[in-house]
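K.L.:
Can you read through this structure? Questions will come right after.
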Amino acid sequence: MSVIQDTLQTVMKKALALAPDSWIPGGNPDPLIRHQHGLIGAPISRIDGPQKVRGAATFATEFVLDNMVYAALAFSTIARGRIATLETDAAEKAPGVVLVMTYRNAPKMKPAPVFMSAPKAAGGDDLPVMQDDSIHWNGHPIAVVLAETQEQADHAVSLIRATYEELPGTTSLAAAKAKGVKPGNFGGQPLQTVIGDAEAALAAAPHKVDAVYTTPRHNHNAIELHGATLMWQGDDLIVHDASQLVAHEAFTLAQVFGLDEKQVHVTSPYVGGGFGAKGLWDHQILAAAAARLAQRPVRIMLSREGVYRVVGGRTLTEQRVAIGAQADGRFDALIHTGTVVSGEHNNMPEPFILATRGAYAAANMHLDVEVATMDMLANTFMRAPGEAVGTFGLECAVDELADRLGIDPVELRIRNEPEKDPTTGLLFSSRNIVEAYRAGAERFGWSKRAAQPGQQRDGEWLVGMGCATGTYPYYRMPGGAARIVLAKDGHVTVSIAAHEMGMGTATAQSQVIAERLGLTMDQVTFAYGDSDLPGVVLAGGSQQTASIGASVTAAHRALVAELLKLAGNDSPLAGLKPDEVGGLNAGLCKLDEPDLYESYASILARAQRDAVTVEAEAPPPLELMHWSMHSHSALFCEVRVNAVTGETRVSRFLGSFDCGRILNAKTAASQFRGGIIMGIGLALTEETLFDERTGRIMNPSLAEYHVPVHLDVPEIDILWTDIPDPHAPMGARGVGEIGITGVGAAVANAIYNATGKRIRDLPITLDKLMG
Ligand code: MOS
């Protein structure tokens with residue numbers, strides 16, 4: 001056992017000793033879970049799988065409403081100015097057209113209120129929607145057509161003609177920076193960290209790297225296009241949407257239309273991929289406004305191009321990373337600063353320093369994100385906002401330093417493992433990166449890597465290996481709540497305004513609920529995806545699992561208390577307190593004396609009840625104040641780079657994860673693999689081409705924006721530590737966004753090891769390797 005491992009064990013022991021102070025209900029160990037059926041962690045296939053395979057799952061734009069019309073949008077072709085003329089006659093007269101809505105006839109709507117750092121419910125801006133003739137980005141919607149069929153709407157929208165009074169806009173990075181930058185702020189937190197004097201420490205360090213890394217704009221390309229089917233019932237608005245945040249959306253739509261929150265009902269039973277972008281954007285607001293004018297239900301499904309025009313993506317980044325180190329590899333200075341871009345009315349500064357804050361022990365740090373504004377569509381969250389691109393700079397720089405020092409890059413990282421959070425000073429709740437590295441390196445065959453780059457050749461292919469670390473913070477947002485209905489036959493329905501985007505939420509949570517209540521999977525229904533259900537739960541920040549878990553734990557406690565009351569004095573459970581009992585065999589038992597037992601059915605029958613209903617709120621996320629909590633990964637990549645064409649193929653990839661307890665081995669592995677696949681795209685192909693002269697996105701299609709396809713993705717090996725986090729509900733930290741984090745660097749570092757070429761500009765396309 002290395003010194004570092006020893007130290008980590010000591011830290012863990014200290015953490016466990018302190019645990020009772022901040023132990024939260026449902027943490028690990030959770031005495032109320034008896035693990036009777038062995039469901040927690042089991043690789044259970046997704047319970048929504050059969051419906052999806054049969055085509056029986058109704059997605060947002062598959063709802064059919066009586067008398068429904070179809071929408072299409074027209075987009076501006078300038079970035080800034082005013083609409084001078086807008087000809088809609090031909091569109092209005094086109095076959096099947098029911099309505100053409102422009103700023104001239106759109107109903108009065110208020111701007112969306114700010115939510116977190118980004119207005120319009122996790123994305124977008126605070127601009128009024130279609131209230132005047134002003135244009136704020138190239139692609140700004142200028143008209144909505146409603147028609148009897150989608151084809152008629154698409155045709156009619158092509159007949160709309162606009163001219164503009166163009167104003168000088170800012171559409172290039174250089175011009176945006178020349179206007180001056182402002183300090184970045186993410187969710188109310190400044191994105192600046194200064195500890196000691198990093199520049200002085202860097203200057204004094206005997207070994208150093210100091211380089212600039214750049215990443216391009218990215219756009220979301222969920223298979224399911226953004227869309228909604230919606231209708232008004234009197235003054236009530238019903239929206240079937242594809243959403244990561246139904247409750248936030250209902251609230252925001254109510255504000256926009258001047259309604260009470262209860263008058264808006266948002267459902268989202270299935271989401272065909274979100275990646276951070278399935279929030280409220282202009283298209284739902286425009287469709288709702290048009291539906292009100294036309295007094296018809298509306299289905300709006302954006303075209304692929306439409307998604308690029310009205311749904312924001314990830315900003316470009318320019319990052320300086322500098323590390324100063326001693327000969328033994330220990331970091332004295334860590335500098336990670338740079339610039340991102342944002343729209344004028346949007347605040348989503350890709351927080352690329354977040355992972356750096358807790359990554360390495362360095363006595364001196366300077367971290368800073370600055371924002372340059374331009375006339376462009378609002379940015380939004382994209383899987384691991386900040387970490388996905390920030391770790392490209394950081395983890396490439398660590399690799400460059402390892403190369404200069406002649407220290408193995410895995411070893412260099414381990415030597416700089418912090419004992420506590422380097423910026424907050426908090427102890428880690430659970431951090432097992434070293435274990436993840438050791439296990440991953442062994443399985444991957446890391447010892448076969450040639451330390452000198454360009455040494456391994458197989459015909460015309462250069463072969464190399466690289467590694468990188470990923471970290472993603474554990475979050476649990478306040479506002480979680482759940483309702484449990486226990487029927488007299490013992491069936492339980494747990495309801496919560498949560499979301500299933502295909503990641504397995506409903507399956508994994510059903511497993512935990514069944515185990516918690518002593519039931520089988522088929523005795524549990526998990527109801528979600530509806531703003532009328534309890535709780536304000538966001539499927540974002542990889543925090544939904546913890547949020548639901550804490551809510552269900554609270555509701556379960558309420559249920560147990562209620563059942564003990566109903567059980568009364570004639571029950572074997574008479575006189576027991578809620579903390580003394582747990583679920584077993586569709587009933588309750590005394591935890592340390594399971595023979596004291598009564599089934600749910602028996603308790604309800606004696607009490608002459610058809611059902612018991614309880615609802616409770618999750619406790620506030622106090623664990624975040626006591627502990628530095630993160631998911632972690634150690635990533636290993638092997639690439640083959642063609643010496644003749646420069647083509648890179650990722651030939652092997654291994655992700656070794658440390659995310660606390662894994663609740664479902666199959667869906668978690670799938671999350672990790674999906675993240676890694678997205679990371680391979682980030683490394684090698686994904687790039688939004690933004691015309692800096694006009695501010696227009698020039699490749700708004702899957703033909704020209706390249707995401708990985710099957711042939712681009714090798715076998716991906718996944719392993720995990722499965723060490724439960726003592727301070728997270730169910731012992732589980734997030735598994736959603738950690739998957740992509742660090743992958744770009746692992747690929748770039750492998751390419752360096754194969755070729756000796758250090759490419760610091762993503763994506764690493766073959767032209768960059770041919771020079
Ligand atoms: Mo994630 S980008 O917070 O949906």
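We label chains A, B, ... in the order they appear in the structure tokens, count residues from 1 in each chain, and number ligands from 1 in the order shown.
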What does the list of residues within 10 Å of ligand 1 look like if you count only C-alpha atoms and all ligand atoms, written as a ChimeraX atom specification?

P.N.:
/A:122,220,244-245,273-279,314,380-386,388,501,538-544,736-737

K.L.:
Among stretch 329-479 of chain A, which ones does DSSP assign to helix (DSSP H, G or I) (computed from the backbone)? Answer as a short mmCIF file (atom, residue, chain, number, x, y, z; two decimals) with N, CA and C atoms, in the first residue's frame.

P.N.:
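Output saved as selection.cif:
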data_model
loop_
_atom_site.label_atom_id
_atom_site.label_comp_id
_atom_site.auth_asym_id
_atom_site.auth_seq_id
_atom_site.Cartn_x
_atom_site.Cartn_y
_atom_site.Cartn_z
N LEU A 354 -14.21 24.18 -12.67
CA LEU A 354 -14.81 23.49 -11.52
C LEU A 354 -14.05 22.22 -11.15
N ALA A 355 -13.70 21.43 -12.15
CA ALA A 355 -12.99 20.18 -11.83
C ALA A 355 -11.60 20.47 -11.28
N THR A 356 -11.00 21.57 -11.73
CA THR A 356 -9.64 21.91 -11.29
C THR A 356 -9.60 22.25 -9.81
N ARG A 357 -10.72 22.81 -9.31
CA ARG A 357 -10.76 23.26 -7.92
C ARG A 357 -10.45 22.15 -6.92
N GLU A 387 -16.80 20.76 -16.76
CA GLU A 387 -15.85 19.66 -16.57
C GLU A 387 -15.44 19.00 -17.89
N ALA A 388 -16.41 18.82 -18.80
CA ALA A 388 -16.11 18.08 -20.04
C ALA A 388 -14.98 18.75 -20.81
N VAL A 389 -15.01 20.08 -20.90
CA VAL A 389 -13.97 20.79 -21.66
C VAL A 389 -12.82 21.25 -20.77
N GLY A 390 -13.14 21.55 -19.50
CA GLY A 390 -12.09 22.00 -18.58
C GLY A 390 -11.05 20.92 -18.32
N THR A 391 -11.50 19.68 -18.23
CA THR A 391 -10.54 18.60 -18.00
C THR A 391 -9.70 18.32 -19.24
N PHE A 392 -10.15 18.78 -20.40
CA PHE A 392 -9.27 18.64 -21.59
C PHE A 392 -8.00 19.45 -21.36
N GLY A 393 -8.15 20.71 -20.97
CA GLY A 393 -6.97 21.53 -20.72
C GLY A 393 -6.15 21.00 -19.55
N LEU A 394 -6.82 20.80 -18.43
CA LEU A 394 -6.10 20.41 -17.21
C LEU A 394 -5.37 19.08 -17.38
N GLU A 395 -6.08 18.09 -17.88
CA GLU A 395 -5.50 16.74 -17.91
C GLU A 395 -4.48 16.56 -19.04
N CYS A 396 -4.58 17.38 -20.09
CA CYS A 396 -3.51 17.38 -21.09
C CYS A 396 -2.26 18.02 -20.50
N ALA A 397 -2.45 19.11 -19.74
CA ALA A 397 -1.30 19.79 -19.14
C ALA A 397 -0.58 18.87 -18.16
N VAL A 398 -1.33 18.10 -17.38
CA VAL A 398 -0.71 17.16 -16.44
C VAL A 398 0.12 16.13 -17.23
N ASP A 399 -0.43 15.69 -18.36
CA ASP A 399 0.30 14.72 -19.20
C ASP A 399 1.58 15.34 -19.76
N GLU A 400 1.49 16.59 -20.16
CA GLU A 400 2.68 17.27 -20.71
C GLU A 400 3.75 17.39 -19.63
N LEU A 401 3.31 17.69 -18.42
CA LEU A 401 4.26 17.81 -17.31
C LEU A 401 4.90 16.45 -17.00
N ALA A 402 4.09 15.41 -17.00
CA ALA A 402 4.62 14.06 -16.74
C ALA A 402 5.70 13.71 -17.75
N ASP A 403 5.43 14.07 -19.01
CA ASP A 403 6.38 13.81 -20.08
C ASP A 403 7.70 14.54 -19.81
N ARG A 404 7.60 15.79 -19.44
CA ARG A 404 8.82 16.59 -19.17
C ARG A 404 9.60 16.07 -17.98
N LEU A 405 8.85 15.63 -16.96
CA LEU A 405 9.52 15.17 -15.73
C LEU A 405 10.03 13.74 -15.85
N PRO A 409 2.45 9.17 -16.08
CA PRO A 409 1.33 10.09 -15.82
C PRO A 409 0.35 9.61 -14.75
N VAL A 410 0.21 8.31 -14.60
CA VAL A 410 -0.65 7.81 -13.51
C VAL A 410 0.01 8.14 -12.18
N GLU A 411 1.30 7.88 -12.10
CA GLU A 411 2.04 8.11 -10.87
C GLU A 411 2.05 9.60 -10.49
N LEU A 412 2.22 10.46 -11.52
CA LEU A 412 2.24 11.90 -11.24
C LEU A 412 0.92 12.35 -10.62
N ARG A 413 -0.16 11.81 -11.14
CA ARG A 413 -1.47 12.17 -10.58
C ARG A 413 -1.59 11.69 -9.14
N ILE A 414 -1.17 10.47 -8.91
CA ILE A 414 -1.29 9.91 -7.56
C ILE A 414 -0.44 10.72 -6.57
N ARG A 415 0.73 11.17 -7.02
CA ARG A 415 1.59 11.96 -6.13
C ARG A 415 0.95 13.29 -5.75
N ILE A 433 -9.84 7.71 -6.02
CA ILE A 433 -9.25 7.81 -7.35
C ILE A 433 -8.04 6.88 -7.47
N VAL A 434 -7.27 6.80 -6.40
CA VAL A 434 -6.06 5.96 -6.47
C VAL A 434 -6.45 4.50 -6.71
N GLU A 435 -7.45 4.03 -5.98
CA GLU A 435 -7.93 2.67 -6.19
C GLU A 435 -8.44 2.49 -7.62
N ALA A 436 -9.17 3.52 -8.10
CA ALA A 436 -9.70 3.44 -9.46
C ALA A 436 -8.55 3.37 -10.47
N TYR A 437 -7.50 4.15 -10.24
CA TYR A 437 -6.34 4.13 -11.14
C TYR A 437 -5.63 2.77 -11.11
N ARG A 438 -5.40 2.26 -9.91
CA ARG A 438 -4.68 0.98 -9.79
C ARG A 438 -5.46 -0.13 -10.51
N ALA A 439 -6.76 -0.20 -10.24
CA ALA A 439 -7.57 -1.27 -10.84
C ALA A 439 -7.65 -1.10 -12.36
N GLY A 440 -7.82 0.15 -12.81
CA GLY A 440 -7.93 0.40 -14.24
C GLY A 440 -6.63 0.11 -14.98
N ALA A 441 -5.51 0.56 -14.40
CA ALA A 441 -4.21 0.37 -15.04
C ALA A 441 -3.90 -1.12 -15.20
N GLU A 442 -4.21 -1.86 -14.17
CA GLU A 442 -3.96 -3.31 -14.20
C GLU A 442 -4.78 -3.97 -15.31
N ARG A 443 -6.06 -3.66 -15.34
CA ARG A 443 -6.93 -4.33 -16.31
C ARG A 443 -6.61 -3.87 -17.74
N PHE A 444 -6.21 -2.60 -17.89
CA PHE A 444 -5.97 -2.07 -19.23
C PHE A 444 -4.62 -2.52 -19.79
N TRP A 446 -1.69 -1.04 -18.67
CA TRP A 446 -0.99 0.25 -18.75
C TRP A 446 0.52 0.07 -18.72
N SER A 447 0.98 -0.96 -18.06
CA SER A 447 2.44 -1.17 -17.93
C SER A 447 3.08 -1.43 -19.29
N LYS A 448 2.28 -1.77 -20.29
CA LYS A 448 2.85 -2.01 -21.63
C LYS A 448 3.03 -0.71 -22.42
#

K.L.:
Can you pull out every residue within 10 Å of A:Val64, counting only C-alpha atoms, but drop anything in the same chain fewer than 5 positions away, and send it as a PyMOL selection string?

P.N.:
chain A and resi 58+229-230+297-299

K.L.:
May I have the residues from that selection written out with N, CA, C and O atoms, as a PDB file, in the first residue's frame?

P.N.:
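Okay, this is what ended up in result-v7.pdb:
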ATOM      1  N   THR A  58     -45.200   6.786 -25.531  1.00  0.00           N
ATOM      2  CA  THR A  58     -45.613   8.007 -26.217  1.00  0.00           C
ATOM      3  C   THR A  58     -44.672   9.153 -25.860  1.00  0.00           C
ATOM      4  O   THR A  58     -44.652   9.621 -24.719  1.00  0.00           O
ATOM      5  N   THR A 229     -46.328  18.856 -27.643  1.00  0.00           N
ATOM      6  CA  THR A 229     -47.716  18.885 -28.092  1.00  0.00           C
ATOM      7  C   THR A 229     -48.496  19.546 -26.969  1.00  0.00           C
ATOM      8  O   THR A 229     -48.385  19.105 -25.813  1.00  0.00           O
ATOM      9  N   LEU A 230     -49.227  20.616 -27.289  1.00  0.00           N
ATOM     10  CA  LEU A 230     -49.830  21.375 -26.190  1.00  0.00           C
ATOM     11  C   LEU A 230     -51.207  21.904 -26.550  1.00  0.00           C
ATOM     12  O   LEU A 230     -51.572  21.977 -27.727  1.00  0.00           O
ATOM     13  N   PRO A 297     -55.203  22.958 -30.477  1.00  0.00           N
ATOM     14  CA  PRO A 297     -53.991  22.313 -29.957  1.00  0.00           C
ATOM     15  C   PRO A 297     -52.881  22.347 -31.016  1.00  0.00           C
ATOM     16  O   PRO A 297     -53.174  22.342 -32.218  1.00  0.00           O
ATOM     17  N   VAL A 298     -51.646  22.404 -30.559  1.00  0.00           N
ATOM     18  CA  VAL A 298     -50.510  22.543 -31.474  1.00  0.00           C
ATOM     19  C   VAL A 298     -49.455  21.485 -31.185  1.00  0.00           C
ATOM     20  O   VAL A 298     -49.124  21.232 -30.024  1.00  0.00           O
ATOM     21  N   ARG A 299     -48.951  20.893 -32.248  1.00  0.00           N
ATOM     22  CA  ARG A 299     -47.733  20.093 -32.108  1.00  0.00           C
ATOM     23  C   ARG A 299     -46.601  20.843 -32.797  1.00  0.00           C
ATOM     24  O   ARG A 299     -46.731  21.254 -33.949  1.00  0.00           O
TER      25      ARG A 299
END

K.L.:
Please report as a Markdown table every residue of stretch 717-758 of chain A lying within 10 Å of stretch 29-49 of chain A, along with the nearest atom pair and their distance in Å (one decimal), using only C-alpha atoms.

P.N.:
| residue | atom | partner | partner_atom | distance |
| --- | --- | --- | --- | --- |
| A:Asp722 | CA | A:Gly41 | CA | 9.3 |
| A:Pro724 | CA | A:Pro29 | CA | 8.3 |
| A:Asp725 | CA | A:Pro29 | CA | 8.9 |
| A:Pro726 | CA | A:Pro29 | CA | 6.7 |
| A:His727 | CA | A:Pro29 | CA | 9.2 |
| A:Ala728 | CA | A:Pro29 | CA | 9.9 |
| A:Pro729 | CA | A:Asp30 | CA | 8.5 |
| A:Met730 | CA | A:Asp30 | CA | 7.0 |
| A:Gly731 | CA | A:Pro29 | CA | 7.4 |

K.L.:
Can you write out the residues you just picked, keeping N, CA and C atoms, as a PDB file, in the first residue's frame?

P.N.:
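Saved the output as again.pdb:
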ATOM      1  N   ASP A 722     -17.296   0.775  -6.395  1.00  0.00           N
ATOM      2  CA  ASP A 722     -18.493   0.388  -5.642  1.00  0.00           C
ATOM      3  C   ASP A 722     -18.325   0.598  -4.140  1.00  0.00           C
ATOM      4  N   PRO A 724     -19.514   2.581  -1.172  1.00  0.00           N
ATOM      5  CA  PRO A 724     -20.635   3.493  -0.889  1.00  0.00           C
ATOM      6  C   PRO A 724     -20.150   4.783  -0.229  1.00  0.00           C
ATOM      7  N   ASP A 725     -20.792   5.865  -0.586  1.00  0.00           N
ATOM      8  CA  ASP A 725     -20.470   7.162   0.016  1.00  0.00           C
ATOM      9  C   ASP A 725     -21.273   7.290   1.299  1.00  0.00           C
ATOM     10  N   PRO A 726     -20.594   7.449   2.440  1.00  0.00           N
ATOM     11  CA  PRO A 726     -21.346   7.477   3.703  1.00  0.00           C
ATOM     12  C   PRO A 726     -22.264   8.681   3.837  1.00  0.00           C
ATOM     13  N   HIS A 727     -22.126   9.665   2.965  1.00  0.00           N
ATOM     14  CA  HIS A 727     -22.905  10.895   3.146  1.00  0.00           C
ATOM     15  C   HIS A 727     -23.892  11.179   2.021  1.00  0.00           C
ATOM     16  N   ALA A 728     -24.009  10.253   1.085  1.00  0.00           N
ATOM     17  CA  ALA A 728     -24.967  10.437  -0.009  1.00  0.00           C
ATOM     18  C   ALA A 728     -26.147   9.500   0.210  1.00  0.00           C
ATOM     19  N   PRO A 729     -27.370   9.955  -0.125  1.00  0.00           N
ATOM     20  CA  PRO A 729     -28.510   9.052  -0.002  1.00  0.00           C
ATOM     21  C   PRO A 729     -28.222   7.757  -0.762  1.00  0.00           C
ATOM     22  N   MET A 730     -28.488   6.643  -0.137  1.00  0.00           N
ATOM     23  CA  MET A 730     -28.269   5.312  -0.715  1.00  0.00           C
ATOM     24  C   MET A 730     -26.788   5.031  -0.956  1.00  0.00           C
ATOM     25  N   GLY A 731     -25.919   5.926  -0.519  1.00  0.00           N
ATOM     26  CA  GLY A 731     -24.482   5.737  -0.743  1.00  0.00           C
ATOM     27  C   GLY A 731     -24.043   6.046  -2.152  1.00  0.00           C
TER      28      GLY A 731
END

K.L.:
So which one's closest to A:Gln452, A:Ile662, A:Val371, A:Leu689, A:Ala750? Using only C-alpha atoms, please.

P.N.:
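The shortest atom-to-atom distance to A:Gln452 comes from A:Ala750.
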
K.L.:
Report, in Å with one decimal, the straight-line distance from atom CA of A:Pro206 to atom CA of A:Ala322.

P.N.:
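Atom-to-atom, atom CA of A:Pro206 to atom CA of A:Ala322, that is 13.1 Å.
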
K.L.:
Excluding stretch 281-292 of chain A and its own-chain neighbours fewer than 4 positions away, which residues fall within 8 Å of it when counting only C-alpha atoms? Please give them as an MDAnalysis selection string.

P.N.:
chainID A and resid 71 99 101 106:107 120 123:124 129:130 144 146 227:228 230:232 237 253 296:300 302 310:311

K.L.:
Name the residues of stretch 188-311 of chain A that fall into strand (DSSP E) according to DSSP on the backbone, using the chain letters and numbers of this document, as a PyMOL selection string.

P.N.:
chain A and resi 189-190+192-195+207-215+227-233+236-241+264-267+298-301

K.L.:
Go ahead and compute the interatomic distance for atom CA of A:Gly535 and atom CA of A:Tyr270, in Å to one decimal.

P.N.:
18.2 Å

K.L.:
Tell me which of A:Gly771, A:Gly272, A:Gly734, A:Pro351 sits closest to A:Leu367, counting only C-alpha atoms.

P.N.:
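Using only C-alpha atoms, the shortest distance to A:Leu367 belongs to A:Pro351.
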
K.L.:
Residues at most 6 Å from stretch 513-524 of chain A, counting only C-alpha atoms, excluding those fewer than 6 positions away in the same chain, as a count of residues only?

P.N.:
9

K.L.:
What's the 10 Å shell around A:Lys182, counting only C-alpha atoms, without same-chain residues fewer than 6 positions away, as a PDB file with N, CA, C and O atoms, in the first residue's frame?

P.N.:
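File selection-v6.pdb, as written:
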ATOM      1  N   THR A 339     -11.231  32.187 -21.312  1.00  0.00           N
ATOM      2  CA  THR A 339     -12.378  32.932 -21.805  1.00  0.00           C
ATOM      3  C   THR A 339     -13.408  32.005 -22.440  1.00  0.00           C
ATOM      4  O   THR A 339     -13.059  31.032 -23.101  1.00  0.00           O
ATOM      5  N   VAL A 369     -12.602  32.159 -14.857  1.00  0.00           N
ATOM      6  CA  VAL A 369     -13.327  32.104 -16.125  1.00  0.00           C
ATOM      7  C   VAL A 369     -13.832  33.507 -16.441  1.00  0.00           C
ATOM      8  O   VAL A 369     -14.501  34.122 -15.604  1.00  0.00           O
ATOM      9  N   GLU A 370     -13.476  34.017 -17.604  1.00  0.00           N
ATOM     10  CA  GLU A 370     -13.968  35.324 -18.034  1.00  0.00           C
ATOM     11  C   GLU A 370     -14.906  35.149 -19.222  1.00  0.00           C
ATOM     12  O   GLU A 370     -14.744  34.228 -20.014  1.00  0.00           O
ATOM     13  N   VAL A 371     -15.863  36.054 -19.317  1.00  0.00           N
ATOM     14  CA  VAL A 371     -16.907  35.929 -20.326  1.00  0.00           C
ATOM     15  C   VAL A 371     -16.833  37.098 -21.302  1.00  0.00           C
ATOM     16  O   VAL A 371     -16.813  38.263 -20.894  1.00  0.00           O
ATOM     17  N   ALA A 372     -16.795  36.767 -22.575  1.00  0.00           N
ATOM     18  CA  ALA A 372     -16.912  37.769 -23.631  1.00  0.00           C
ATOM     19  C   ALA A 372     -18.292  37.612 -24.254  1.00  0.00           C
ATOM     20  O   ALA A 372     -18.753  36.490 -24.467  1.00  0.00           O
ATOM     21  N   THR A 373     -18.976  38.707 -24.489  1.00  0.00           N
ATOM     22  CA  THR A 373     -20.338  38.585 -25.008  1.00  0.00           C
ATOM     23  C   THR A 373     -20.397  38.913 -26.494  1.00  0.00           C
ATOM     24  O   THR A 373     -19.662  39.757 -26.996  1.00  0.00           O
TER      25      THR A 373
END

K.L.:
Mind pulling up the distance from atom CA of A:Leu191 to atom CA of A:Glu350?

P.N.:
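It comes out at 9.7 Å.
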
K.L.:
Would you pick out the contacts of A:Leu635 at 6 Å or less, using only C-alpha atoms, so that residues sharing its chain but fewer than 2 positions from it are not included, and give the list as a PyMOL selection string?

P.N.:
chain A and resi 467-468+654-655

K.L.:
For N, CA, C and O atoms, I'd like the residues from the last selection saved as a tab-separated table (two decimals), in the first residue's frame.

P.N.:
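Dumped to part_28.tsv:
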chain	number	residue	atom	x	y	z
A	467	CYS	N	-3.95	8.48	-20.52
A	467	CYS	CA	-4.88	8.39	-19.39
A	467	CYS	C	-5.33	9.80	-18.99
A	467	CYS	O	-4.74	10.80	-19.43
A	468	ALA	N	-6.36	9.87	-18.20
A	468	ALA	CA	-6.82	11.15	-17.66
A	468	ALA	C	-7.73	10.88	-16.48
A	468	ALA	O	-8.32	9.80	-16.37
A	654	LEU	N	-11.05	2.25	-21.53
A	654	LEU	CA	-11.46	1.70	-20.23
A	654	LEU	C	-11.77	2.85	-19.29
A	654	LEU	O	-10.99	3.79	-19.17
A	655	GLY	N	-12.92	2.77	-18.64
A	655	GLY	CA	-13.27	3.75	-17.62
A	655	GLY	C	-13.36	3.05	-16.27
A	655	GLY	O	-14.09	2.07	-16.12
